[in-house]
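Below is run_23.pdb, which holds PDB, C-alpha atoms, pLDDT in the B column.
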ATOM      1  CA  MET A   1      25.904 -65.268   4.681  1.00 56.00           C
ATOM      2  CA  LYS A   2      25.484 -64.489   8.412  1.00 51.00           C
ATOM      3  CA  SER A   3      21.832 -63.581   7.913  1.00 52.00           C
ATOM      4  CA  PHE A   4      21.220 -66.873   6.066  1.00 49.00           C
ATOM      5  CA  ALA A   5      22.818 -68.848   8.910  1.00 45.00           C
ATOM      6  CA  PHE A   6      20.737 -66.882  11.426  1.00 44.00           C
ATOM      7  CA  LEU A   7      17.578 -67.633   9.430  1.00 43.00           C
ATOM      8  CA  ILE A   8      18.327 -71.368   9.366  1.00 48.00           C
ATOM      9  CA  LEU A   9      19.109 -71.366  13.090  1.00 43.00           C
ATOM     10  CA  SER A  10      15.904 -69.456  13.849  1.00 43.00           C
ATOM     11  CA  LEU A  11      13.749 -71.806  11.773  1.00 45.00           C
ATOM     12  CA  THR A  12      15.328 -74.816  13.455  1.00 43.00           C
ATOM     13  CA  PHE A  13      14.601 -73.365  16.894  1.00 42.00           C
ATOM     14  CA  VAL A  14      10.994 -72.545  15.990  1.00 41.00           C
ATOM     15  CA  SER A  15      10.332 -75.940  14.407  1.00 40.00           C
ATOM     16  CA  CYS A  16      11.762 -77.770  17.416  1.00 42.00           C
ATOM     17  CA  ASN A  17       9.448 -75.856  19.720  1.00 43.00           C
ATOM     18  CA  MET A  18       6.330 -76.041  17.553  1.00 48.00           C
ATOM     19  CA  PHE A  19       6.205 -79.781  16.936  1.00 51.00           C
ATOM     20  CA  HIS A  20       5.806 -82.485  19.494  1.00 57.00           C
ATOM     21  CA  SER A  21       4.873 -86.126  19.639  1.00 69.00           C
ATOM     22  CA  GLY A  22       1.277 -87.215  19.374  1.00 77.00           C
ATOM     23  CA  SER A  23      -1.937 -85.332  18.894  1.00 85.00           C
ATOM     24  CA  GLU A  24      -2.628 -82.271  21.005  1.00 91.00           C
ATOM     25  CA  SER A  25      -6.363 -82.910  20.819  1.00 92.00           C
ATOM     26  CA  GLN A  26      -5.835 -86.459  22.112  1.00 94.00           C
ATOM     27  CA  LEU A  27      -3.733 -85.068  24.965  1.00 95.00           C
ATOM     28  CA  GLU A  28      -6.498 -82.593  25.809  1.00 95.00           C
ATOM     29  CA  GLU A  29      -9.105 -85.385  25.755  1.00 96.00           C
ATOM     30  CA  GLN A  30      -6.936 -87.438  28.104  1.00 96.00           C
ATOM     31  CA  VAL A  31      -6.599 -84.534  30.532  1.00 97.00           C
ATOM     32  CA  ASP A  32     -10.335 -83.846  30.291  1.00 97.00           C
ATOM     33  CA  SER A  33     -11.360 -87.399  31.139  1.00 96.00           C
ATOM     34  CA  PHE A  34      -8.817 -87.765  33.914  1.00 98.00           C
ATOM     35  CA  ALA A  35      -9.598 -84.391  35.516  1.00 97.00           C
ATOM     36  CA  ILE A  36     -13.370 -84.843  35.503  1.00 97.00           C
ATOM     37  CA  TYR A  37     -13.175 -88.290  37.079  1.00 97.00           C
ATOM     38  CA  TYR A  38     -10.313 -87.620  39.483  1.00 97.00           C
ATOM     39  CA  PHE A  39     -11.508 -84.297  40.903  1.00 97.00           C
ATOM     40  CA  ASN A  40     -15.009 -85.725  41.369  1.00 96.00           C
ATOM     41  CA  TRP A  41     -13.513 -88.641  43.325  1.00 95.00           C
ATOM     42  CA  GLN A  42     -14.351 -91.295  40.728  1.00 95.00           C
ATOM     43  CA  PHE A  43     -10.934 -92.903  41.120  1.00 95.00           C
ATOM     44  CA  TYR A  44     -11.984 -96.216  39.596  1.00 94.00           C
ATOM     45  CA  ASN A  45     -12.954 -94.452  36.342  1.00 96.00           C
ATOM     46  CA  SER A  46      -9.823 -92.287  36.306  1.00 96.00           C
ATOM     47  CA  VAL A  47      -7.593 -95.396  36.180  1.00 96.00           C
ATOM     48  CA  ARG A  48      -8.317 -95.773  32.435  1.00 95.00           C
ATOM     49  CA  PHE A  49      -6.465 -92.525  31.743  1.00 97.00           C
ATOM     50  CA  VAL A  50      -3.222 -93.129  33.637  1.00 97.00           C
ATOM     51  CA  THR A  51      -0.102 -95.189  32.975  1.00 97.00           C
ATOM     52  CA  PRO A  52       0.113 -98.636  34.555  1.00 96.00           C
ATOM     53  CA  GLU A  53       2.779 -97.212  36.888  1.00 96.00           C
ATOM     54  CA  SER A  54       0.295 -94.552  38.068  1.00 96.00           C
ATOM     55  CA  LYS A  55      -2.511 -96.933  39.009  1.00 96.00           C
ATOM     56  CA  LYS A  56      -1.083 -97.369  42.501  1.00 96.00           C
ATOM     57  CA  TRP A  57      -1.834 -93.693  43.156  1.00 95.00           C
ATOM     58  CA  MET A  58      -5.485 -94.138  42.189  1.00 95.00           C
ATOM     59  CA  SER A  59      -5.687 -97.132  44.548  1.00 95.00           C
ATOM     60  CA  TYR A  60      -4.061 -95.075  47.279  1.00 93.00           C
ATOM     61  CA  ALA A  61      -6.512 -92.180  46.756  1.00 92.00           C
ATOM     62  CA  ALA A  62      -9.471 -94.563  46.907  1.00 92.00           C
ATOM     63  CA  SER A  63      -8.123 -96.156  50.102  1.00 91.00           C
ATOM     64  CA  GLN A  64      -7.999 -92.746  51.810  1.00 88.00           C
ATOM     65  CA  VAL A  65     -11.731 -92.015  51.415  1.00 90.00           C
ATOM     66  CA  HIS A  66     -13.516 -92.034  54.775  1.00 87.00           C
ATOM     67  CA  GLU A  67     -17.175 -91.889  55.769  1.00 87.00           C
ATOM     68  CA  ALA A  68     -16.917 -88.140  56.514  1.00 86.00           C
ATOM     69  CA  ASP A  69     -15.615 -87.581  52.955  1.00 89.00           C
ATOM     70  CA  ILE A  70     -18.502 -89.553  51.467  1.00 89.00           C
ATOM     71  CA  GLU A  71     -20.999 -87.463  53.394  1.00 90.00           C
ATOM     72  CA  LEU A  72     -19.409 -84.227  52.123  1.00 88.00           C
ATOM     73  CA  LEU A  73     -19.461 -85.596  48.558  1.00 90.00           C
ATOM     74  CA  ARG A  74     -23.185 -86.352  48.902  1.00 90.00           C
ATOM     75  CA  GLN A  75     -23.918 -82.857  50.232  1.00 90.00           C
ATOM     76  CA  LYS A  76     -21.985 -81.110  47.474  1.00 90.00           C
ATOM     77  CA  GLU A  77     -24.355 -79.306  45.108  1.00 89.00           C
ATOM     78  CA  LYS A  78     -22.032 -78.809  42.116  1.00 93.00           C
ATOM     79  CA  ILE A  79     -19.535 -81.129  40.493  1.00 95.00           C
ATOM     80  CA  ALA A  80     -15.892 -80.180  40.173  1.00 96.00           C
ATOM     81  CA  THR A  81     -14.993 -78.553  36.863  1.00 97.00           C
ATOM     82  CA  TYR A  82     -11.727 -77.391  35.354  1.00 97.00           C
ATOM     83  CA  THR A  83     -10.274 -75.158  32.678  1.00 97.00           C
ATOM     84  CA  LEU A  84      -7.182 -76.008  30.648  1.00 97.00           C
ATOM     85  CA  ASN A  85      -4.748 -73.107  30.932  1.00 97.00           C
ATOM     86  CA  ASP A  86      -1.688 -74.290  29.031  1.00 96.00           C
ATOM     87  CA  ILE A  87       0.266 -77.297  27.878  1.00 96.00           C
ATOM     88  CA  ASP A  88       3.972 -77.210  28.600  1.00 95.00           C
ATOM     89  CA  TYR A  89       5.816 -79.661  26.338  1.00 94.00           C
ATOM     90  CA  HIS A  90       9.222 -80.621  27.689  1.00 91.00           C
ATOM     91  CA  GLU A  91      12.416 -80.643  25.645  1.00 85.00           C
ATOM     92  CA  ASN A  92      12.391 -84.399  25.170  1.00 80.00           C
ATOM     93  CA  ASP A  93       9.148 -84.105  23.159  1.00 82.00           C
ATOM     94  CA  THR A  94       7.496 -87.074  24.906  1.00 92.00           C
ATOM     95  CA  THR A  95       6.516 -85.541  28.238  1.00 95.00           C
ATOM     96  CA  ALA A  96       4.333 -82.578  29.065  1.00 96.00           C
ATOM     97  CA  ASP A  97       2.461 -80.874  31.867  1.00 97.00           C
ATOM     98  CA  ALA A  98      -1.111 -79.734  31.385  1.00 97.00           C
ATOM     99  CA  ARG A  99      -1.744 -76.747  33.628  1.00 98.00           C
ATOM    100  CA  ILE A 100      -5.349 -76.689  34.726  1.00 98.00           C
ATOM    101  CA  THR A 101      -7.467 -74.682  37.132  1.00 98.00           C
ATOM    102  CA  VAL A 102      -9.933 -76.832  39.050  1.00 98.00           C
ATOM    103  CA  HIS A 103     -13.090 -75.286  40.477  1.00 97.00           C
ATOM    104  CA  ASN A 104     -15.379 -76.450  43.287  1.00 95.00           C
ATOM    105  CA  PHE A 105     -13.570 -79.621  44.351  1.00 95.00           C
ATOM    106  CA  LEU A 106     -13.003 -81.484  47.573  1.00 94.00           C
ATOM    107  CA  GLN A 107      -9.330 -81.635  48.525  1.00 92.00           C
ATOM    108  CA  MET A 108      -8.210 -84.615  50.589  1.00 85.00           C
ATOM    109  CA  ASP A 109      -6.738 -83.556  53.886  1.00 74.00           C
ATOM    110  CA  THR A 110      -4.311 -85.397  56.107  1.00 65.00           C
ATOM    111  CA  ILE A 111      -5.094 -88.937  57.172  1.00 64.00           C
ATOM    112  CA  GLY A 112      -8.019 -89.081  59.557  1.00 64.00           C
ATOM    113  CA  LYS A 113      -9.390 -85.619  58.733  1.00 73.00           C
ATOM    114  CA  ALA A 114     -12.351 -84.816  56.485  1.00 79.00           C
ATOM    115  CA  CYS A 115     -11.722 -83.288  53.074  1.00 87.00           C
ATOM    116  CA  GLN A 116     -12.078 -79.553  52.476  1.00 90.00           C
ATOM    117  CA  LEU A 117     -14.063 -77.725  49.796  1.00 90.00           C
ATOM    118  CA  VAL A 118     -11.757 -75.630  47.591  1.00 93.00           C
ATOM    119  CA  GLU A 119     -13.224 -73.037  45.244  1.00 95.00           C
ATOM    120  CA  LYS A 120     -10.257 -72.846  42.889  1.00 96.00           C
ATOM    121  CA  ALA A 121      -6.707 -74.177  42.596  1.00 97.00           C
ATOM    122  CA  GLU A 122      -4.153 -74.699  39.836  1.00 98.00           C
ATOM    123  CA  PHE A 123      -2.574 -78.081  39.112  1.00 97.00           C
ATOM    124  CA  ALA A 124       0.051 -79.436  36.722  1.00 98.00           C
ATOM    125  CA  ILE A 125      -1.014 -82.804  35.348  1.00 98.00           C
ATOM    126  CA  PRO A 126       2.035 -84.729  34.049  1.00 98.00           C
ATOM    127  CA  LEU A 127       1.679 -86.691  30.826  1.00 97.00           C
ATOM    128  CA  VAL A 128       3.869 -89.019  28.823  1.00 96.00           C
ATOM    129  CA  TYR A 129       3.589 -89.910  25.143  1.00 96.00           C
ATOM    130  CA  ARG A 130       3.596 -93.677  24.571  1.00 93.00           C
ATOM    131  CA  GLU A 131       4.714 -94.226  20.997  1.00 90.00           C
ATOM    132  CA  GLN A 132       3.666 -97.888  20.846  1.00 89.00           C
ATOM    133  CA  GLU A 133       0.095 -96.823  21.654  1.00 90.00           C
ATOM    134  CA  ASP A 134       0.368 -93.493  19.798  1.00 91.00           C
ATOM    135  CA  LYS A 135      -1.224 -91.599  22.656  1.00 94.00           C
ATOM    136  CA  TRP A 136      -0.633 -89.330  25.610  1.00 96.00           C
ATOM    137  CA  ILE A 137      -1.324 -90.785  29.073  1.00 97.00           C
ATOM    138  CA  VAL A 138      -1.402 -89.169  32.529  1.00 98.00           C
ATOM    139  CA  ASN A 139       1.770 -90.201  34.355  1.00 97.00           C
ATOM    140  CA  LEU A 140       1.530 -89.598  38.105  1.00 97.00           C
ATOM    141  CA  ASN A 141       4.446 -89.675  40.528  1.00 95.00           C
ATOM    142  CA  GLY A 142       2.077 -88.958  43.414  1.00 94.00           C
ATOM    143  CA  LEU A 143      -1.400 -87.583  43.921  1.00 94.00           C
ATOM    144  CA  PRO A 144      -2.010 -84.258  42.160  1.00 95.00           C
ATOM    145  CA  ARG A 145      -1.355 -81.341  44.505  1.00 93.00           C
ATOM    146  CA  PRO A 146      -2.204 -77.668  44.001  1.00 94.00           C
ATOM    147  CA  LEU A 147       0.651 -75.569  42.652  1.00 94.00           C
ATOM    148  CA  ARG A 148       2.114 -73.017  45.013  1.00 86.00           C
ATOM    149  CA  LYS A 149       1.912 -69.437  43.887  1.00 69.00           C
TER     150      LYS A 149
END
Will you turn the file into structure tokens for me?
Amino acid sequence: MKSFAFLILSLTFVSCNMFHSGSESQLEEQVDSFAIYYFNWQFYNSVRFVTPESKKWMSYAASQVHEADIELLRQKEKIATYTLNDIDYHENDTTADARITVHNFLQMDTIGKACQLVEKAEFAIPLVYREQEDKWIVNLNGLPRPLRK
């Protein structure tokens, strides 16, 4: 009887951790589109992949671009790319973090200073599942910042 109860408890735990809201492939597509546009400073295009509440952060990012940044963007030989490392679904089943490694991107510096070329950094991109739309959307609470190691 104890082994049966343990089996049921184990299956419940596994099923709760295996299933989540929405399509994982749709989540990955959302992260892909957002990351490519955002890390290549195409903030206007990245707006399509964020929640309405997050749009203010795209506007803020665009407002912080200075002439020195534009010149560095023009001189850059390769576009920024990324790799998806992991998706961490939270307990509530409707939020997640996509952990990505971004390569060859320009990182905004403090106000008034030119951006800096970064070869590689890891980020956690927060997402929320919107049931009424049946899709995952990037949900920013600020501009993406590299994770500390």
> For Asn139 of chain A, which of A:Ile79, A:Val50, A:Met58, A:Ala114 is the closest residue, counting only C-alpha atoms?
Replying inline: A:Val50
Could you tell me which residues the PyMOL selection byres ((chain A and resi 36) around 12) grabs in this file, written as a short mmCIF file (atom, residue, chain, number, x, y, z; two decimals) with C-alpha atoms, in the coordinates of the input?
data_model
loop_
_atom_site.label_atom_id
_atom_site.label_comp_id
_atom_site.auth_asym_id
_atom_site.auth_seq_id
_atom_site.Cartn_x
_atom_site.Cartn_y
_atom_site.Cartn_z
CA GLU A 29 -9.10 -85.38 25.76
CA GLN A 30 -6.94 -87.44 28.10
CA VAL A 31 -6.60 -84.53 30.53
CA ASP A 32 -10.34 -83.85 30.29
CA SER A 33 -11.36 -87.40 31.14
CA PHE A 34 -8.82 -87.76 33.91
CA ALA A 35 -9.60 -84.39 35.52
CA TYR A 37 -13.18 -88.29 37.08
CA TYR A 38 -10.31 -87.62 39.48
CA PHE A 39 -11.51 -84.30 40.90
CA ASN A 40 -15.01 -85.72 41.37
CA TRP A 41 -13.51 -88.64 43.32
CA GLN A 42 -14.35 -91.30 40.73
CA PHE A 43 -10.93 -92.90 41.12
CA ASN A 45 -12.95 -94.45 36.34
CA SER A 46 -9.82 -92.29 36.31
CA PHE A 49 -6.46 -92.52 31.74
CA ILE A 79 -19.54 -81.13 40.49
CA ALA A 80 -15.89 -80.18 40.17
CA THR A 81 -14.99 -78.55 36.86
CA TYR A 82 -11.73 -77.39 35.35
CA THR A 83 -10.27 -75.16 32.68
CA LEU A 84 -7.18 -76.01 30.65
CA ILE A 100 -5.35 -76.69 34.73
CA THR A 101 -7.47 -74.68 37.13
CA VAL A 102 -9.93 -76.83 39.05
CA HIS A 103 -13.09 -75.29 40.48
CA ASN A 104 -15.38 -76.45 43.29
CA PHE A 105 -13.57 -79.62 44.35
#
> Which one of A:Leu72, A:Leu147, A:Val128, A:Val47 sits closest to Met108 of chain A if you count only C-alpha atoms?
Replying inline: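 Nearest candidate to Met108 of chain A out of A:Leu72, A:Leu147, A:Val128, A:Val47: A:Leu72.
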>> From the options A:Leu117, A:Leu27, A:Leu127, A:Ala96, which residue's atoms come nearest to Ser54 of chain A, counting all atoms listed in the file?
In response: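 Using all atoms listed in the file, Ser54 of chain A sits closest to A:Leu127.
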> atom CA of Leu143 of chain A and atom CA of His66 of chain A, how far apart in Å?
Replying inline: 16.9 Å
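Picture a line from atom CA of Pro144 of chain A to atom CA of Asp97 of chain A; it runs 11.7 Å.
Rounded to one decimal, atom CA of Glu71 of chain A and atom CA of Cys115 of chain A lie 10.2 Å from each other.
With all atoms listed in the file as the basis for measurement, A:Tyr129 is the residue among A:Trp57, A:Tyr44, A:Tyr129, A:Trp136 that approaches Asp93 of chain A most closely.
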